[in-house]
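**Q** One file is attached below, protein_23.pdb, containing PDB, C-alpha atoms, pLDDT in the B column.
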```
ATOM      1  CA  MET O 243      22.686  44.094  50.247  1.00 97.00           C
ATOM      2  CA  LYS O 244      20.022  43.758  47.556  1.00 98.00           C
ATOM      3  CA  THR O 245      20.580  41.399  44.620  1.00 98.00           C
ATOM      4  CA  LEU O 246      21.022  43.155  41.279  1.00 98.00           C
ATOM      5  CA  GLY O 247      20.159  41.655  37.905  1.00 98.00           C
ATOM      6  CA  LEU O 248      22.323  42.621  34.927  1.00 98.00           C
ATOM      7  CA  ILE O 249      20.970  42.311  31.387  1.00 98.00           C
ATOM      8  CA  GLY O 250      24.283  42.027  29.555  1.00 97.00           C
ATOM      9  CA  GLY O 251      25.959  40.850  26.390  1.00 94.00           C
ATOM     10  CA  MET O 252      25.298  44.058  24.401  1.00 94.00           C
ATOM     11  CA  SER O 253      28.220  43.716  23.898  1.00 89.00           C
ATOM     12  CA  TRP O 254      29.956  41.376  26.325  1.00 91.00           C
ATOM     13  CA  GLU O 255      32.993  43.662  25.967  1.00 89.00           C
ATOM     14  CA  SER O 256      31.181  46.302  27.998  1.00 87.00           C
ATOM     15  CA  THR O 257      29.371  43.903  30.334  1.00 93.00           C
ATOM     16  CA  VAL O 258      32.734  42.920  31.825  1.00 93.00           C
ATOM     17  CA  PRO O 259      33.385  46.472  33.119  1.00 93.00           C
ATOM     18  CA  TYR O 260      29.880  46.559  34.635  1.00 95.00           C
ATOM     19  CA  TYR O 261      30.636  43.402  36.623  1.00 97.00           C
ATOM     20  CA  ARG O 262      34.023  44.746  37.718  1.00 96.00           C
ATOM     21  CA  LEU O 263      32.816  48.251  38.605  1.00 97.00           C
ATOM     22  CA  VAL O 264      29.816  47.097  40.642  1.00 98.00           C
ATOM     23  CA  ASN O 265      32.071  44.743  42.602  1.00 98.00           C
ATOM     24  CA  GLU O 266      34.735  47.418  43.097  1.00 97.00           C
ATOM     25  CA  THR O 267      32.155  49.829  44.477  1.00 98.00           C
ATOM     26  CA  ILE O 268      30.772  47.232  46.877  1.00 98.00           C
ATOM     27  CA  LYS O 269      34.286  46.375  48.071  1.00 97.00           C
ATOM     28  CA  ALA O 270      35.146  50.056  48.543  1.00 97.00           C
ATOM     29  CA  ARG O 271      32.007  50.602  50.617  1.00 96.00           C
ATOM     30  CA  LEU O 272      32.085  47.406  52.707  1.00 97.00           C
ATOM     31  CA  GLY O 273      35.750  46.408  52.678  1.00 97.00           C
ATOM     32  CA  GLY O 274      37.215  43.021  53.424  1.00 96.00           C
ATOM     33  CA  LEU O 275      36.132  40.157  51.187  1.00 97.00           C
ATOM     34  CA  HIS O 276      32.754  41.667  50.312  1.00 98.00           C
ATOM     35  CA  SER O 277      31.536  41.371  46.730  1.00 98.00           C
ATOM     36  CA  ALA O 278      28.305  42.106  44.896  1.00 98.00           C
ATOM     37  CA  LYS O 279      25.237  39.872  44.845  1.00 98.00           C
ATOM     38  CA  LEU O 280      24.605  39.722  41.101  1.00 98.00           C
ATOM     39  CA  VAL O 281      22.608  37.686  38.630  1.00 98.00           C
ATOM     40  CA  ILE O 282      23.611  38.118  34.959  1.00 97.00           C
ATOM     41  CA  TYR O 283      21.669  37.205  31.857  1.00 98.00           C
ATOM     42  CA  SER O 284      23.864  37.661  28.799  1.00 97.00           C
ATOM     43  CA  VAL O 285      22.064  37.761  25.439  1.00 97.00           C
ATOM     44  CA  ASP O 286      23.405  36.889  21.996  1.00 96.00           C
ATOM     45  CA  PHE O 287      24.208  40.370  20.712  1.00 94.00           C
ATOM     46  CA  ASP O 288      24.091  39.341  17.054  1.00 95.00           C
ATOM     47  CA  GLU O 289      20.366  38.686  17.441  1.00 96.00           C
ATOM     48  CA  ILE O 290      19.819  42.049  19.116  1.00 96.00           C
ATOM     49  CA  ALA O 291      21.960  44.010  16.632  1.00 94.00           C
ATOM     50  CA  THR O 292      20.088  42.462  13.713  1.00 96.00           C
ATOM     51  CA  LEU O 293      16.753  43.570  15.197  1.00 97.00           C
ATOM     52  CA  GLN O 294      18.148  47.061  15.919  1.00 95.00           C
ATOM     53  CA  HIS O 295      19.266  47.651  12.346  1.00 93.00           C
ATOM     54  CA  ALA O 296      16.013  46.210  10.994  1.00 96.00           C
ATOM     55  CA  GLY O 297      14.093  48.673  13.168  1.00 96.00           C
ATOM     56  CA  ASP O 298      12.224  45.843  14.918  1.00 97.00           C
ATOM     57  CA  TRP O 299      12.364  47.324  18.405  1.00 97.00           C
ATOM     58  CA  ASP O 300       9.247  45.458  19.507  1.00 97.00           C
ATOM     59  CA  ALA O 301      10.984  42.113  18.950  1.00 97.00           C
ATOM     60  CA  ALA O 302      14.134  43.378  20.635  1.00 97.00           C
ATOM     61  CA  GLY O 303      12.031  44.497  23.574  1.00 97.00           C
ATOM     62  CA  ARG O 304      10.508  41.040  23.864  1.00 97.00           C
ATOM     63  CA  VAL O 305      13.961  39.450  23.998  1.00 97.00           C
ATOM     64  CA  LEU O 306      15.080  41.727  26.825  1.00 98.00           C
ATOM     65  CA  ALA O 307      11.742  41.449  28.629  1.00 98.00           C
ATOM     66  CA  ASP O 308      12.204  37.678  28.640  1.00 98.00           C
ATOM     67  CA  ALA O 309      15.721  38.153  30.037  1.00 98.00           C
ATOM     68  CA  ALA O 310      14.320  40.429  32.747  1.00 98.00           C
ATOM     69  CA  GLN O 311      11.710  37.860  33.731  1.00 98.00           C
ATOM     70  CA  ARG O 312      14.395  35.193  34.006  1.00 98.00           C
ATOM     71  CA  LEU O 313      16.436  37.463  36.263  1.00 98.00           C
ATOM     72  CA  GLU O 314      13.382  38.157  38.407  1.00 98.00           C
ATOM     73  CA  ARG O 315      12.784  34.426  38.822  1.00 98.00           C
ATOM     74  CA  ALA O 316      16.467  34.011  39.724  1.00 98.00           C
ATOM     75  CA  GLY O 317      16.084  36.406  42.659  1.00 98.00           C
ATOM     76  CA  ALA O 318      17.031  39.832  41.303  1.00 98.00           C
ATOM     77  CA  GLU O 319      15.485  42.739  43.216  1.00 98.00           C
ATOM     78  CA  GLY O 320      16.360  45.421  40.635  1.00 98.00           C
ATOM     79  CA  LEU O 321      17.604  45.519  37.065  1.00 98.00           C
ATOM     80  CA  VAL O 322      20.302  47.260  35.062  1.00 98.00           C
ATOM     81  CA  ILE O 323      20.393  47.218  31.254  1.00 98.00           C
ATOM     82  CA  CYS O 324      24.120  47.108  30.459  1.00 96.00           C
ATOM     83  CA  ALA O 325      23.725  49.137  27.255  1.00 95.00           C
ATOM     84  CA  ASN O 326      22.617  52.672  26.449  1.00 95.00           C
ATOM     85  CA  THR O 327      20.831  51.957  23.161  1.00 95.00           C
ATOM     86  CA  MET O 328      18.631  49.226  24.586  1.00 96.00           C
ATOM     87  CA  HIS O 329      17.127  51.663  27.071  1.00 97.00           C
ATOM     88  CA  LYS O 330      14.872  52.407  24.103  1.00 96.00           C
ATOM     89  CA  VAL O 331      12.959  49.283  25.128  1.00 97.00           C
ATOM     90  CA  ALA O 332      13.085  49.995  28.874  1.00 97.00           C
ATOM     91  CA  PRO O 333       9.278  50.465  28.969  1.00 97.00           C
ATOM     92  CA  ALA O 334       8.783  46.921  27.622  1.00 97.00           C
ATOM     93  CA  ILE O 335      11.091  45.569  30.319  1.00 98.00           C
ATOM     94  CA  GLU O 336       9.391  47.568  33.068  1.00 97.00           C
ATOM     95  CA  ALA O 337       6.014  46.250  31.936  1.00 97.00           C
ATOM     96  CA  ALA O 338       7.213  42.634  32.072  1.00 98.00           C
ATOM     97  CA  VAL O 339       8.504  42.554  35.667  1.00 98.00           C
ATOM     98  CA  ARG O 340       7.721  43.897  39.117  1.00 97.00           C
ATOM     99  CA  LEU O 341      11.291  45.127  39.625  1.00 97.00           C
ATOM    100  CA  PRO O 342      12.713  48.641  39.371  1.00 97.00           C
ATOM    101  CA  VAL O 343      14.854  49.318  36.295  1.00 98.00           C
ATOM    102  CA  LEU O 344      17.720  51.654  37.181  1.00 98.00           C
ATOM    103  CA  HIS O 345      17.817  53.898  34.116  1.00 97.00           C
ATOM    104  CA  VAL O 346      21.194  54.991  32.738  1.00 97.00           C
ATOM    105  CA  VAL O 347      19.994  58.453  31.675  1.00 97.00           C
ATOM    106  CA  ASP O 348      18.744  59.260  35.179  1.00 97.00           C
ATOM    107  CA  ALA O 349      22.076  58.157  36.633  1.00 97.00           C
ATOM    108  CA  VAL O 350      24.260  60.220  34.304  1.00 97.00           C
ATOM    109  CA  ALA O 351      21.968  63.266  34.322  1.00 98.00           C
ATOM    110  CA  GLU O 352      22.163  63.431  38.113  1.00 97.00           C
ATOM    111  CA  ASP O 353      25.961  63.608  37.963  1.00 98.00           C
ATOM    112  CA  ILE O 354      25.957  66.184  35.165  1.00 98.00           C
ATOM    113  CA  ARG O 355      23.554  68.462  37.018  1.00 97.00           C
ATOM    114  CA  ALA O 356      25.569  68.077  40.226  1.00 97.00           C
ATOM    115  CA  ALA O 357      28.643  69.250  38.287  1.00 97.00           C
ATOM    116  CA  GLY O 358      26.759  72.368  37.176  1.00 97.00           C
ATOM    117  CA  PHE O 359      26.536  71.654  33.441  1.00 98.00           C
ATOM    118  CA  HIS O 360      23.497  72.251  31.235  1.00 97.00           C
ATOM    119  CA  ASN O 361      24.718  71.872  27.620  1.00 97.00           C
ATOM    120  CA  VAL O 362      26.183  68.450  26.846  1.00 98.00           C
ATOM    121  CA  GLY O 363      27.470  66.664  23.792  1.00 98.00           C
ATOM    122  CA  LEU O 364      26.347  63.094  23.198  1.00 98.00           C
ATOM    123  CA  LEU O 365      28.253  60.260  21.533  1.00 98.00           C
ATOM    124  CA  GLY O 366      26.619  56.879  21.062  1.00 96.00           C
ATOM    125  CA  THR O 367      25.119  54.623  18.478  1.00 96.00           C
ATOM    126  CA  ARG O 368      23.138  56.301  15.722  1.00 95.00           C
ATOM    127  CA  PHE O 369      19.979  55.104  17.494  1.00 96.00           C
ATOM    128  CA  THR O 370      20.955  56.751  20.787  1.00 96.00           C
ATOM    129  CA  MET O 371      22.021  60.024  19.181  1.00 97.00           C
ATOM    130  CA  GLU O 372      19.146  60.403  16.729  1.00 96.00           C
ATOM    131  CA  GLN O 373      16.095  58.860  18.390  1.00 94.00           C
ATOM    132  CA  PRO O 374      14.241  60.795  21.084  1.00 95.00           C
ATOM    133  CA  PHE O 375      14.187  58.180  23.871  1.00 96.00           C
ATOM    134  CA  TYR O 376      17.586  59.347  25.164  1.00 96.00           C
ATOM    135  CA  THR O 377      17.724  63.081  24.473  1.00 96.00           C
ATOM    136  CA  GLU O 378      14.146  63.677  25.623  1.00 97.00           C
ATOM    137  CA  ARG O 379      14.880  62.002  28.946  1.00 97.00           C
ATOM    138  CA  LEU O 380      17.973  64.187  29.302  1.00 98.00           C
ATOM    139  CA  ALA O 381      15.764  67.207  28.579  1.00 97.00           C
ATOM    140  CA  ARG O 382      13.443  66.205  31.427  1.00 97.00           C
ATOM    141  CA  HIS O 383      16.480  66.658  33.671  1.00 97.00           C
ATOM    142  CA  GLY O 384      17.030  70.154  32.263  1.00 97.00           C
ATOM    143  CA  LEU O 385      19.881  69.209  29.931  1.00 98.00           C
ATOM    144  CA  GLN O 386      20.274  70.447  26.355  1.00 97.00           C
ATOM    145  CA  THR O 387      21.958  67.920  24.058  1.00 97.00           C
ATOM    146  CA  LEU O 388      24.229  68.469  21.076  1.00 98.00           C
ATOM    147  CA  ILE O 389      24.963  65.602  18.685  1.00 98.00           C
ATOM    148  CA  PRO O 390      27.551  65.375  15.888  1.00 97.00           C
ATOM    149  CA  GLU O 391      26.756  66.141  12.266  1.00 97.00           C
ATOM    150  CA  GLN O 392      25.378  63.251  10.208  1.00 97.00           C
ATOM    151  CA  ALA O 393      28.661  62.035   8.687  1.00 97.00           C
ATOM    152  CA  ASP O 394      30.282  62.011  12.109  1.00 97.00           C
ATOM    153  CA  ARG O 395      27.293  60.207  13.626  1.00 97.00           C
ATOM    154  CA  GLU O 396      27.747  57.490  11.026  1.00 97.00           C
ATOM    155  CA  LEU O 397      31.448  57.251  11.866  1.00 97.00           C
ATOM    156  CA  VAL O 398      30.823  57.009  15.610  1.00 97.00           C
ATOM    157  CA  HIS O 399      28.162  54.345  15.014  1.00 97.00           C
ATOM    158  CA  ARG O 400      30.361  52.296  12.674  1.00 97.00           C
ATOM    159  CA  VAL O 401      33.289  52.299  15.084  1.00 97.00           C
ATOM    160  CA  VAL O 402      31.044  51.009  17.870  1.00 95.00           C
ATOM    161  CA  TYR O 403      29.681  48.046  15.922  1.00 94.00           C
ATOM    162  CA  GLU O 404      32.613  47.175  13.685  1.00 95.00           C
ATOM    163  CA  GLU O 405      35.453  47.816  16.131  1.00 96.00           C
ATOM    164  CA  LEU O 406      34.647  48.363  19.807  1.00 94.00           C
ATOM    165  CA  CYS O 407      32.078  45.572  20.106  1.00 92.00           C
ATOM    166  CA  LEU O 408      34.756  43.273  18.692  1.00 92.00           C
ATOM    167  CA  GLY O 409      37.422  44.510  21.084  1.00 92.00           C
ATOM    168  CA  LYS O 410      39.329  46.464  18.409  1.00 95.00           C
ATOM    169  CA  LEU O 411      40.898  49.718  19.633  1.00 96.00           C
ATOM    170  CA  LEU O 412      42.348  51.616  16.664  1.00 97.00           C
ATOM    171  CA  ASP O 413      44.384  54.817  16.880  1.00 97.00           C
ATOM    172  CA  HIS O 414      42.807  56.416  13.806  1.00 97.00           C
ATOM    173  CA  SER O 415      39.339  55.893  15.301  1.00 97.00           C
ATOM    174  CA  ARG O 416      40.486  57.461  18.561  1.00 97.00           C
ATOM    175  CA  ASP O 417      41.755  60.461  16.588  1.00 97.00           C
ATOM    176  CA  ALA O 418      38.395  60.709  14.815  1.00 97.00           C
ATOM    177  CA  TYR O 419      36.526  60.647  18.128  1.00 98.00           C
ATOM    178  CA  ARG O 420      38.838  63.367  19.468  1.00 97.00           C
ATOM    179  CA  ARG O 421      38.038  65.527  16.436  1.00 98.00           C
ATOM    180  CA  ILE O 422      34.299  64.932  16.814  1.00 98.00           C
ATOM    181  CA  MET O 423      34.366  65.768  20.520  1.00 98.00           C
ATOM    182  CA  ALA O 424      36.300  68.965  19.795  1.00 97.00           C
ATOM    183  CA  GLY O 425      33.596  69.890  17.297  1.00 97.00           C
ATOM    184  CA  LEU O 426      30.895  69.471  19.940  1.00 98.00           C
ATOM    185  CA  VAL O 427      32.865  71.669  22.325  1.00 97.00           C
ATOM    186  CA  ALA O 428      33.219  74.337  19.629  1.00 97.00           C
ATOM    187  CA  ARG O 429      29.410  74.322  19.316  1.00 97.00           C
ATOM    188  CA  GLY O 430      28.950  74.917  23.043  1.00 97.00           C
ATOM    189  CA  ALA O 431      29.123  71.550  24.788  1.00 98.00           C
ATOM    190  CA  GLN O 432      30.287  72.022  28.389  1.00 98.00           C
ATOM    191  CA  ALA O 433      30.755  68.279  28.839  1.00 98.00           C
ATOM    192  CA  ILE O 434      30.352  65.120  26.769  1.00 98.00           C
ATOM    193  CA  ILE O 435      28.367  61.986  27.525  1.00 98.00           C
ATOM    194  CA  LEU O 436      30.014  58.765  26.401  1.00 97.00           C
ATOM    195  CA  GLY O 437      26.558  57.395  25.671  1.00 95.00           C
ATOM    196  CA  CYS O 438      27.578  53.936  24.557  1.00 92.00           C
ATOM    197  CA  THR O 439      29.011  51.476  27.043  1.00 89.00           C
ATOM    198  CA  GLU O 440      31.939  50.602  24.746  1.00 91.00           C
ATOM    199  CA  ILE O 441      33.167  54.137  24.000  1.00 95.00           C
ATOM    200  CA  SER O 442      35.113  54.464  27.248  1.00 93.00           C
ATOM    201  CA  MET O 443      37.290  51.630  25.970  1.00 92.00           C
ATOM    202  CA  LEU O 444      38.555  54.005  23.265  1.00 96.00           C
ATOM    203  CA  VAL O 445      38.641  57.510  24.760  1.00 97.00           C
ATOM    204  CA  SER O 446      39.098  58.958  28.238  1.00 95.00           C
ATOM    205  CA  ALA O 447      39.594  62.310  29.957  1.00 95.00           C
ATOM    206  CA  PRO O 448      42.904  63.250  28.233  1.00 96.00           C
ATOM    207  CA  ASP O 449      41.198  62.949  24.831  1.00 96.00           C
ATOM    208  CA  ALA O 450      38.780  65.844  25.392  1.00 96.00           C
ATOM    209  CA  GLN O 451      38.852  69.525  26.309  1.00 95.00           C
ATOM    210  CA  VAL O 452      35.849  69.186  28.632  1.00 97.00           C
ATOM    211  CA  PRO O 453      34.785  66.631  31.255  1.00 97.00           C
ATOM    212  CA  LEU O 454      33.631  63.249  29.947  1.00 98.00           C
ATOM    213  CA  PHE O 455      30.758  61.433  31.629  1.00 98.00           C
ATOM    214  CA  ASP O 456      31.313  57.692  31.238  1.00 96.00           C
ATOM    215  CA  THR O 457      27.868  56.133  31.417  1.00 96.00           C
ATOM    216  CA  THR O 458      29.257  52.671  32.167  1.00 94.00           C
ATOM    217  CA  ALA O 459      31.168  53.841  35.243  1.00 96.00           C
ATOM    218  CA  ILE O 460      28.365  56.096  36.488  1.00 97.00           C
ATOM    219  CA  HIS O 461      25.599  53.543  35.936  1.00 97.00           C
ATOM    220  CA  ALA O 462      27.557  50.740  37.611  1.00 97.00           C
ATOM    221  CA  ARG O 463      28.501  52.902  40.603  1.00 97.00           C
ATOM    222  CA  LYS O 464      24.963  54.108  41.187  1.00 97.00           C
ATOM    223  CA  ALA O 465      23.610  50.570  40.808  1.00 98.00           C
ATOM    224  CA  ALA O 466      26.001  49.399  43.526  1.00 98.00           C
ATOM    225  CA  GLU O 467      24.941  52.296  45.751  1.00 97.00           C
ATOM    226  CA  TRP O 468      21.303  51.269  45.209  1.00 98.00           C
ATOM    227  CA  MET O 469      22.171  47.727  46.297  1.00 98.00           C
ATOM    228  CA  LEU O 470      23.440  49.085  49.622  1.00 98.00           C
ATOM    229  CA  ALA O 471      20.842  51.809  50.144  1.00 94.00           C
TER
END
```
Just dump the structure as C-alpha cells.
**A**
Amino acid sequence: MKTLGLIGGMSWESTVPYYRLVNETIKARLGGLHSAKLVIYSVDFDEIATLQHAGDWDAAGRVLADAAQRLERAGAEGLVICANTMHKVAPAIEAAVRLPVLHVVDAVAEDIRAAGFHNVGLLGTRFTMEQPFYTERLARHGLQTLIPEQADRELVHRVVYEELCLGKLLDHSRDAYRRIMAGLVARGAQAIILGCTEISMLVSAPDAQVPLFDTTAIHARKAAEWMLA
C-alpha cells in the first residue's frame, strides 16, 4: 500500500468524509483490520477563504504548495487536494513536489464517461463554476458543462461558505438546491456534478431527477484504489 497525503481543512467538515471514505475503501478491498496509510496536513481555512475572495490565488497556491512539501517530507507518495476549488492552484502544488497529484476532475470525469453521459450540470463555489480551470478540464474529457444562472450561482456559493462549511444543514437551502438542479436538468443536463466537497452533506440522489456525481466520494475511492494499485 502506498502512503497518501491529504491536503485538508478546506473545510474540515469535508475532510472528515475523505478520511472515512479512503479507509472504508481500503477495508473493503483488504478486509480484516486493514486501514489506510495516510498523512494529513490541515490548513486554516479562514486564511485560504480570505485569499480566494481577494483573488490572490498566487498566495493561496503558495500556502498549499508548502503543505504539499510538508506531506512529501512526511513520507507521502501521492497527494489529494480535499477541495474542488483549490484545484485551481494544482499546478503550483505539482511544481513544488515530486509527487503525483490525483486530480478530482480526472476522477469524476472518468466515472461520468463510463456512465455514458456527455452533458453535465455543475454545482460548486462561484470560483469553480465560473472560472475555466474546472470546466476546461472537463471539456478535455469530452464533457459539456452547464452552470446555473448568476443569481443561483451566488446562492449556491453563499450556502457553501456561510452554512455548509460551518456544518449548518438548512431545509430551505436544500429546497433551493433542488430547484437549481431541476433547472439544470430542464436545460439538458444528463447528470449533475456536486463540485464542492461539502455539497453532498446537503443533497443526495433523492433530491435530483438525474444521477448525482459526488466528487468527494469518487475522489476518495479512486485515491484509495491508487494506493493499492
**Q** Any idea what the distance is between CA of Glu255 in chain O and CA of Leu280 in chain O?
**A** 17.7 Å
**Q** Applied to this file, what does the PyMOL selection byres ((chain O and resi 466) around 9) return in terms of residues, put as a list in words?
**A**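 Evaluating the PyMOL selection byres ((chain O and resi 466) around 9) on this file yields Leu246, Leu263, Val264, Asn265, Glu266, Thr267, Ile268, Ala278, His461, Ala462, Arg463, Lys464, Ala465, Glu467, Trp468, Met469, Leu470 and Ala471 of chain O.
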**Q** Give me the residues within 7 Å of Pro390 in chain O as a PyMOL selection string, counting only C-alpha atoms and dropping any in the same chain fewer than 4 places off.
**A** chain O and resi 394-395+422+426
**Q** Box in all listed atoms of range 441-454 of chain O, axis-aligned, with 3 Å more on each side; write out centre and edge lengths in Å to one decimal as AutoDock Vina command-line options.
**A**
```
--center_x 38.0 --center_y 60.6 --center_z 27.3 --size_x 15.7 --size_y 23.9 --size_z 14.0
```
**Q** Apply the PyMOL selection byres ((chain O and resi 397) around 12) to the file shown and report the selected residues as JSON, numbers by chain.
**A** {"O": [365, 366, 367, 368, 390, 391, 392, 393, 394, 395, 396, 398, 399, 400, 401, 402, 403, 404, 405, 414, 415, 416, 417, 418, 419, 421, 422]}
**Q** What does the file look like for those residues with C-alpha atoms, as a compact mmCIF listing (two decimals), keeping the file's coordinate frame?
**A**
```
# COMPACT_ATOMS: atom_id res chain seq x y z
CA LEU O 365 28.25 60.26 21.53
CA GLY O 366 26.62 56.88 21.06
CA THR O 367 25.12 54.62 18.48
CA ARG O 368 23.14 56.30 15.72
CA PRO O 390 27.55 65.38 15.89
CA GLU O 391 26.76 66.14 12.27
CA GLN O 392 25.38 63.25 10.21
CA ALA O 393 28.66 62.04 8.69
CA ASP O 394 30.28 62.01 12.11
CA ARG O 395 27.29 60.21 13.63
CA GLU O 396 27.75 57.49 11.03
CA VAL O 398 30.82 57.01 15.61
CA HIS O 399 28.16 54.34 15.01
CA ARG O 400 30.36 52.30 12.67
CA VAL O 401 33.29 52.30 15.08
CA VAL O 402 31.04 51.01 17.87
CA TYR O 403 29.68 48.05 15.92
CA GLU O 404 32.61 47.18 13.68
CA GLU O 405 35.45 47.82 16.13
CA HIS O 414 42.81 56.42 13.81
CA SER O 415 39.34 55.89 15.30
CA ARG O 416 40.49 57.46 18.56
CA ASP O 417 41.76 60.46 16.59
CA ALA O 418 38.40 60.71 14.82
CA TYR O 419 36.53 60.65 18.13
CA ARG O 421 38.04 65.53 16.44
CA ILE O 422 34.30 64.93 16.81
```
**Q** Could the residues of range 320-436 of chain O that have an atom at most 7 Å from range 440-460 of chain O be listed as JSON lines, each with its closest atom pair and the distance in Å to one decimal, counting all atoms listed in the file and ordered by chain and ascending residue number?
**A**
```
{"residue": "O:Val346", "atom": "CA", "partner": "O:Thr457", "partner_atom": "CA", "distance": 6.9}
{"residue": "O:Ala349", "atom": "CA", "partner": "O:Ile460", "partner_atom": "CA", "distance": 6.6}
{"residue": "O:Val350", "atom": "CA", "partner": "O:Thr457", "partner_atom": "CA", "distance": 6.2}
{"residue": "O:Val402", "atom": "CA", "partner": "O:Glu440", "partner_atom": "CA", "distance": 6.9}
{"residue": "O:Leu406", "atom": "CA", "partner": "O:Glu440", "partner_atom": "CA", "distance": 6.1}
{"residue": "O:Cys407", "atom": "CA", "partner": "O:Glu440", "partner_atom": "CA", "distance": 6.8}
{"residue": "O:Leu411", "atom": "CA", "partner": "O:Leu444", "partner_atom": "CA", "distance": 6.1}
{"residue": "O:Arg416", "atom": "CA", "partner": "O:Leu444", "partner_atom": "CA", "distance": 6.1}
{"residue": "O:Arg420", "atom": "CA", "partner": "O:Asp449", "partner_atom": "CA", "distance": 5.9}
{"residue": "O:Met423", "atom": "CA", "partner": "O:Ala450", "partner_atom": "CA", "distance": 6.6}
{"residue": "O:Ala424", "atom": "CA", "partner": "O:Ala450", "partner_atom": "CA", "distance": 6.9}
{"residue": "O:Gln432", "atom": "CA", "partner": "O:Val452", "partner_atom": "CA", "distance": 6.2}
{"residue": "O:Ala433", "atom": "CA", "partner": "O:Pro453", "partner_atom": "CA", "distance": 5.0}
{"residue": "O:Ile434", "atom": "CA", "partner": "O:Leu454", "partner_atom": "CA", "distance": 4.9}
{"residue": "O:Ile435", "atom": "CA", "partner": "O:Phe455", "partner_atom": "CA", "distance": 4.8}
{"residue": "O:Leu436", "atom": "CA", "partner": "O:Asp456", "partner_atom": "CA", "distance": 5.1}
```
**Q** Emit a file covering range 354-370 of chain O of the preceding structure with N, CA and C atoms, as a short mmCIF file (atom, residue, chain, number, x, y, z; two decimals), in the first residue's frame.
**A**
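What landed in out-v1.cif:
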```
data_model
loop_
_atom_site.label_atom_id
_atom_site.label_comp_id
_atom_site.auth_asym_id
_atom_site.auth_seq_id
_atom_site.Cartn_x
_atom_site.Cartn_y
_atom_site.Cartn_z
N ILE O 354 -18.13 9.67 -15.06
CA ILE O 354 -19.23 10.21 -15.88
C ILE O 354 -19.19 9.61 -17.28
N ARG O 355 -18.01 9.55 -17.87
CA ARG O 355 -17.89 8.97 -19.21
C ARG O 355 -18.26 7.49 -19.19
N ALA O 356 -17.84 6.78 -18.15
CA ALA O 356 -18.16 5.36 -18.04
C ALA O 356 -19.66 5.13 -17.95
N ALA O 357 -20.38 6.11 -17.38
CA ALA O 357 -21.84 6.01 -17.27
C ALA O 357 -22.55 6.42 -18.55
N GLY O 358 -21.80 6.94 -19.52
CA GLY O 358 -22.37 7.27 -20.82
C GLY O 358 -22.93 8.67 -20.95
N PHE O 359 -22.59 9.57 -20.02
CA PHE O 359 -23.11 10.93 -20.08
C PHE O 359 -22.11 11.87 -20.74
N HIS O 360 -22.66 12.93 -21.37
CA HIS O 360 -21.81 13.91 -22.04
C HIS O 360 -22.14 15.35 -21.63
N ASN O 361 -23.39 15.61 -21.24
CA ASN O 361 -23.82 16.94 -20.82
C ASN O 361 -24.10 16.91 -19.32
N VAL O 362 -23.34 17.69 -18.55
CA VAL O 362 -23.45 17.63 -17.09
C VAL O 362 -23.67 19.02 -16.51
N GLY O 363 -24.46 19.07 -15.46
CA GLY O 363 -24.59 20.29 -14.69
C GLY O 363 -23.51 20.33 -13.62
N LEU O 364 -23.13 21.52 -13.21
CA LEU O 364 -22.06 21.67 -12.22
C LEU O 364 -22.52 22.61 -11.12
N LEU O 365 -22.47 22.13 -9.88
CA LEU O 365 -22.66 22.97 -8.70
C LEU O 365 -21.34 23.04 -7.95
N GLY O 366 -21.03 24.21 -7.43
CA GLY O 366 -19.79 24.38 -6.68
C GLY O 366 -19.70 25.80 -6.18
N THR O 367 -18.53 26.18 -5.73
CA THR O 367 -18.34 27.58 -5.38
C THR O 367 -18.41 28.42 -6.67
N ARG O 368 -18.59 29.70 -6.50
CA ARG O 368 -18.61 30.60 -7.66
C ARG O 368 -17.32 30.45 -8.46
N PHE O 369 -16.20 30.27 -7.77
CA PHE O 369 -14.91 30.13 -8.45
C PHE O 369 -14.90 28.88 -9.33
N THR O 370 -15.39 27.77 -8.80
CA THR O 370 -15.39 26.51 -9.55
C THR O 370 -16.34 26.58 -10.74
#
```
